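Q: Encoded as structure tokens, here's the structure I'll be asking about.
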Amino acid sequence: MNKKKSTRRNFLKQTAIGAAGITLLSCRSAEHNKSSQPNFILIIADDTSVDDFGCYGHPHVRTPNIDNLAVNGIRFTNAYLSTSQCSPSRCSIISGRYPHNHGAPELHQPLPEGQPMFPLELRKAGYYTVAAGKWHMGKYARKAFDRVFDGGSFVEKVSNRLFGGGMGPGGEERWLQCLQQRPKDKPFLMWFASKDAHRGWQKDELGEKHNKADAIIPPYMADMDGTRTDFAFYYDEIQRLDRYIGLVVKELKKQKVFDNTVIMFMADNGRPFPRCKTWLYDSGIKTPFIVHWPQGISKPGDTSNSLLSAIDIAPTILELADLETPKALQGISITPLLKDPKASIRNYIFAQRNWHDMEAHERMVRWGKWIYIRNARTNLASWAHSLYNTRAYKNLFTLKKKSKLTPAQADVFLVPRPAEMLFNVEKDYHQITNLAEQPEHNEILTQMRMLLDEWQSRTGDTIPDNLTKDVIDRKTYKQKTHFSKPNRGITPGSERNATNINDPGPR
């Protein structure tokens with residue numbers, strides 16, 4: 001018997017479905033029989049932090065449909081991305097590999113030819129695979145899908161011009177069409193990637209506006225009118241995304257495939273605000289992650305605190321589909337957590353920051369309650385050029401000119417930066433107090449250094465001297481090259497041919 005099939009059958013037997021017996025399964029036979037493969041919908045929000053949903057504790061953001069998925073699924077509290085940057089993060093999700101291993105670690109780099117892609121494995125096995133919404137992975141990744149609706153193809157542009165339609169302001173407008181026009185005799189994967197809540201903000205015409213009083217301002221930002229206005233617009237875009245998710249759920253129920261469809265919800269990186277997107281603090285690198293699957297989740301409404309990485313999504317979906325996992329995938333299947341949310345699948349999380357629009361090289365490891373960040377470019381401030389002209393940044397600049405920044409706010413502009421940072425996230429949620437220079441933490445600091453050293457060595461990570469440079473002058477803010485076409489330097493990992501290394505390092 002195929003090992004993967006045996007694994008999944010054993011998994012299903014141990015879930016609530018197996019425990020409830022054949023009677024419960026027969027009640028659902030109108031949708032799918034026991035042996036049918038599940039469908040998958042992966043929903044990826046754009047530039048959205050974990051704290052900004054009702055089910056994650058936000059008192060004002062209106063996300064009833066996402067919250068409902070959490071209430072009837074599993075909500076994960078320690079899910080991490082491989083990087084806090086759009087395109088390299090998405091390439092990690094589709095390939096199940098770290099950025100320097102999939103070969104596109106910097107913003108706007110396409111996924112290279114030959115890298116593994118879990119939707120391609122599904123497609124080869126008979127799944128109907130569709131991507132709709134934001135793309136940002138390059139030409140090669142399109143081979144993984146039967147159809148790609150990203151608004152960029154010639155056919156789409158002509159059709160939109162002649163007949164109207166398109167992706168909609170948040171990139172979700174094609175989602176229902178993809179479900180409605182799918183072949184009904186095949187299992188499916190839908191890669192639904194919104195443009196919400198990426199800047200610039202667009203009105204949510206069908207929703208109630210959030211107001212400035214709804215904003216929850218973290219201590220590293222300026223609690224001023226501009227920042228609150230920014231947050232209100234940002235919340236509106238999350239609300240619009242939530243409404244489309246509700247429509248997707250409604251359509252799945254209408255087609256009677258809801259119970260056997262695995263819905264996963266996540267983001268590609270943190271919110272587009274100071275000290276979030278592009279940063280390796282939790283505000284930038286931690287993602288909401290919810291799994292909803294009526295036929296396969298043992299304890300609906302439960303919470304999992306297990307560490308998990310975005311590179312774990314690919315092997316999970318392939319295992320649930322009874323397919324072999326390519327050796328090149330570096331992640332771990334989270335299927336044990338669907339059976340027992342209190343279980344744990346990982347000891348460590350690793351993540352990285354590379355060029356976004358400014359030169360950078362940072363690495364992060366989490367182990368238990370500890371997070372360690374190492375910076376190879378301490379002479380450079382960490383803020384992102386693409387965000388500096390926003391209300392939230394301008395409010396911080398105002399305080400800076402008046403010398404009124406708190407230490408947490410000043411961190412956004414700090415230079416030189418610490419070469420090492422150590423945080424206890426159980427006591428310091430926002431990662432404000434760097435413990436790396438406190439002698440009482442020398443032992444754990446040494447252990448974290450060794451972990452990161454081992455991971456970098458085993459996965460082929462490198463620190464090139466000639467990294468891709470800034471696209472602007474940091475003193476005058478004048479643009480030197482276009483942000484989408486920088487003068488590329490040497491990308492991390494390329495010197496060791498890391499795209500051919502499959503070792504995941506410590507897990």
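All residue names refer to the structure tokens as shown: chains lettered A, B, ... in order, residues numbered from 1 in each chain, ligands numbered from 1 in order.
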Give me the residues near Ala498 (chain A) as number ranges by chain, where near means some atom within 8 Å (using only C-alpha atoms) and where sequence neighbours in that chain fewer than 4 positions away do not count.
A: A: 100-103, 459-461, 493-494
Q: Out of region 282-481 of chain A, which residues get alpha helix (DSSP H) from DSSP, as a PyMOL selection string?
A: chain A and resi 282-285+313-320+335-339+391-401+407-410+442-459
Q: Can you pull out the residues contacting Tyr98 (chain A)? Cut-off 12 Å, using only C-alpha atoms, and skip same-chain residues under 2 positions away; I want them as a PyMOL selection string.
A: chain A and resi 81-83+88-96+100-106+111+115-116+309-312+328-331+349-353+363+455-456+459-461+492-493+498-505
Q: List as number ranges by chain the protein and nucleic acid residues near Ala193 (chain A), meaning an atom at most 8 Å away when only C-alpha atoms are counted, but skip any in the same chain fewer than 4 places from it.
A: A: 42-46, 131-135, 171-172
Q: Just the selected residues (N, CA, C and O atoms), exported as a PDB file, in the first residue's frame, please.
A:
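Ended up saving to result39.pdb:
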ATOM      1  N   LEU A  42      -6.909  27.811  -0.728  1.00  0.00           N
ATOM      2  CA  LEU A  42      -5.904  28.548   0.037  1.00  0.00           C
ATOM      3  C   LEU A  42      -6.133  30.027  -0.208  1.00  0.00           C
ATOM      4  O   LEU A  42      -6.010  30.505  -1.336  1.00  0.00           O
ATOM      5  N   ILE A  43      -6.494  30.758   0.845  1.00  0.00           N
ATOM      6  CA  ILE A  43      -6.773  32.190   0.749  1.00  0.00           C
ATOM      7  C   ILE A  43      -5.620  32.952   1.391  1.00  0.00           C
ATOM      8  O   ILE A  43      -5.320  32.757   2.576  1.00  0.00           O
ATOM      9  N   ILE A  44      -4.974  33.809   0.610  1.00  0.00           N
ATOM     10  CA  ILE A  44      -3.807  34.551   1.079  1.00  0.00           C
ATOM     11  C   ILE A  44      -4.119  36.038   1.088  1.00  0.00           C
ATOM     12  O   ILE A  44      -4.287  36.659   0.033  1.00  0.00           O
ATOM     13  N   ALA A  45      -4.220  36.623   2.268  1.00  0.00           N
ATOM     14  CA  ALA A  45      -4.393  38.070   2.394  1.00  0.00           C
ATOM     15  C   ALA A  45      -3.066  38.759   2.102  1.00  0.00           C
ATOM     16  O   ALA A  45      -1.991  38.166   2.256  1.00  0.00           O
ATOM     17  N   ASP A  46      -3.128  40.006   1.716  1.00  0.00           N
ATOM     18  CA  ASP A  46      -1.933  40.767   1.372  1.00  0.00           C
ATOM     19  C   ASP A  46      -1.636  41.788   2.471  1.00  0.00           C
ATOM     20  O   ASP A  46      -2.519  42.557   2.864  1.00  0.00           O
ATOM     21  N   ALA A 131      -5.548  29.789  -9.981  1.00  0.00           N
ATOM     22  CA  ALA A 131      -5.091  30.908  -9.160  1.00  0.00           C
ATOM     23  C   ALA A 131      -5.845  32.156  -9.590  1.00  0.00           C
ATOM     24  O   ALA A 131      -5.994  32.408 -10.783  1.00  0.00           O
ATOM     25  N   ALA A 132      -6.329  32.934  -8.633  1.00  0.00           N
ATOM     26  CA  ALA A 132      -7.065  34.153  -8.957  1.00  0.00           C
ATOM     27  C   ALA A 132      -6.734  35.234  -7.944  1.00  0.00           C
ATOM     28  O   ALA A 132      -6.790  35.004  -6.734  1.00  0.00           O
ATOM     29  N   GLY A 133      -6.396  36.425  -8.453  1.00  0.00           N
ATOM     30  CA  GLY A 133      -6.066  37.553  -7.588  1.00  0.00           C
ATOM     31  C   GLY A 133      -4.626  37.980  -7.792  1.00  0.00           C
ATOM     32  O   GLY A 133      -4.098  37.954  -8.908  1.00  0.00           O
ATOM     33  N   LYS A 134      -3.968  38.343  -6.715  1.00  0.00           N
ATOM     34  CA  LYS A 134      -2.575  38.778  -6.809  1.00  0.00           C
ATOM     35  C   LYS A 134      -1.687  37.597  -7.199  1.00  0.00           C
ATOM     36  O   LYS A 134      -1.879  36.482  -6.735  1.00  0.00           O
ATOM     37  N   TRP A 135      -0.691  37.855  -8.014  1.00  0.00           N
ATOM     38  CA  TRP A 135       0.195  36.791  -8.490  1.00  0.00           C
ATOM     39  C   TRP A 135       1.587  36.948  -7.869  1.00  0.00           C
ATOM     40  O   TRP A 135       1.879  36.375  -6.853  1.00  0.00           O
ATOM     41  N   GLY A 171      -8.918  42.464  -5.690  1.00  0.00           N
ATOM     42  CA  GLY A 171      -8.411  41.269  -6.348  1.00  0.00           C
ATOM     43  C   GLY A 171      -9.245  40.019  -6.169  1.00  0.00           C
ATOM     44  O   GLY A 171      -8.855  38.930  -6.607  1.00  0.00           O
ATOM     45  N   GLU A 172     -10.461  40.144  -5.567  1.00  0.00           N
ATOM     46  CA  GLU A 172     -11.252  38.949  -5.245  1.00  0.00           C
ATOM     47  C   GLU A 172     -12.406  38.680  -6.211  1.00  0.00           C
ATOM     48  O   GLU A 172     -13.116  37.680  -6.063  1.00  0.00           O
TER      49      GLU A 172
END
Q: Listing only residues of region 291-363 of chain A within 7 Å of region 263-269 of chain A, what is the closest atom pair and its distance in Å (to one decimal) for each, using only C-alpha atoms, sorted by chain and residue number ascending, as CSV?
A:
residue,atom,partner,partner_atom,distance
A:Val291,CA,A:Met264,CA,4.6
A:His292,CA,A:Ile263,CA,5.1
A:Trp293,CA,A:Ile263,CA,6.5
Q: Region 393-404 of chain A: which residues within 8 Å, counting only C-alpha atoms, same-chain residues fewer than 4 positions away excluded, as a count of residues only?
A: 12
Q: For CA of Leu307 (chain A) and CA of Pro38 (chain A), quote the distance in Å rounded to one decimal.
A: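 Going from CA of Leu307 (chain A) over to CA of Pro38 (chain A) covers 24.6 Å.
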Q: Identify which of the residues A:Arg474, A:Lys253, A:Arg377, A:His430 lies closest to Pro219 (chain A), counting only C-alpha atoms when measuring atom-to-atom distances.
A: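 Of A:Arg474, A:Lys253, A:Arg377, A:His430, the one nearest Pro219 (chain A) is A:His430, counting only C-alpha atoms.
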Q: Write out as a list in words which residues come within 8 Å of region 141-143 of chain A when counting only C-alpha atoms, dropping same-chain ones fewer than 5 positions away.
A: Leu111, Met117, Leu120 and Val148 of chain A
Q: Give me a file of those residues, with C-alpha atoms, as a short mmCIF file (atom, residue, chain, number, x, y, z; two decimals), in the first residue's frame.
A:
data_model
loop_
_atom_site.label_atom_id
_atom_site.label_comp_id
_atom_site.auth_asym_id
_atom_site.auth_seq_id
_atom_site.Cartn_x
_atom_site.Cartn_y
_atom_site.Cartn_z
CA LEU A 111 10.43 31.57 -8.88
CA MET A 117 5.29 23.52 -6.61
CA LEU A 120 1.69 21.26 -9.96
CA VAL A 148 -4.49 31.96 -13.75
#
Q: One decimal, in Å: what's the spacing between CA of His385 (chain A) and CA of Ile490 (chain A)?
A: 20.8 Å
Q: From the options A:Thr316, A:Ser306, A:Thr390, A:Asn466, which residue's atoms come nearest to Ser333 (chain A), counting only C-alpha atoms?
A: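 Looking at the shortest contact to Ser333 (chain A), the residue is A:Thr316.
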Q: With distances taken over only C-alpha atoms, which of A:Asp196, A:Ala144, A:Leu107, A:Val248 is nearest to Thr491 (chain A)?
A: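 When distances to Thr491 (chain A) are compared using only C-alpha atoms, the smallest one comes from A:Leu107.
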Q: For Glu426 (chain A), which residue among A:His198, A:Asn78, A:Ala343, A:Pro407 is the nearest when counting only C-alpha atoms?
A: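 Among the listed residues, the smallest separation from Glu426 (chain A) belongs to A:Asn78.
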Q: Identify, on the basis of only C-alpha atoms, every residue whose closest approach to Gln181 (chain A) does not exceed 12 Å; exclude the query and any residue fewer than 5 positions from it along the same chain; express the result as number ranges by chain.
A: A: 128, 130, 147, 174-176, 186, 188, 251, 255
Q: I'd like the interatomic distance between CA of Leu179 (chain A) and CA of Ala70 (chain A), to a tenth of an Å.
A: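 A separation of 22.0 Å between them.
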Q: Could you check which of A:Ile217, A:Pro341, A:Gln109, A:Pro294 is closest to Phe258 (chain A), using only C-alpha atoms?
A: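 For Phe258 (chain A), the nearest of the given residues is A:Pro294.
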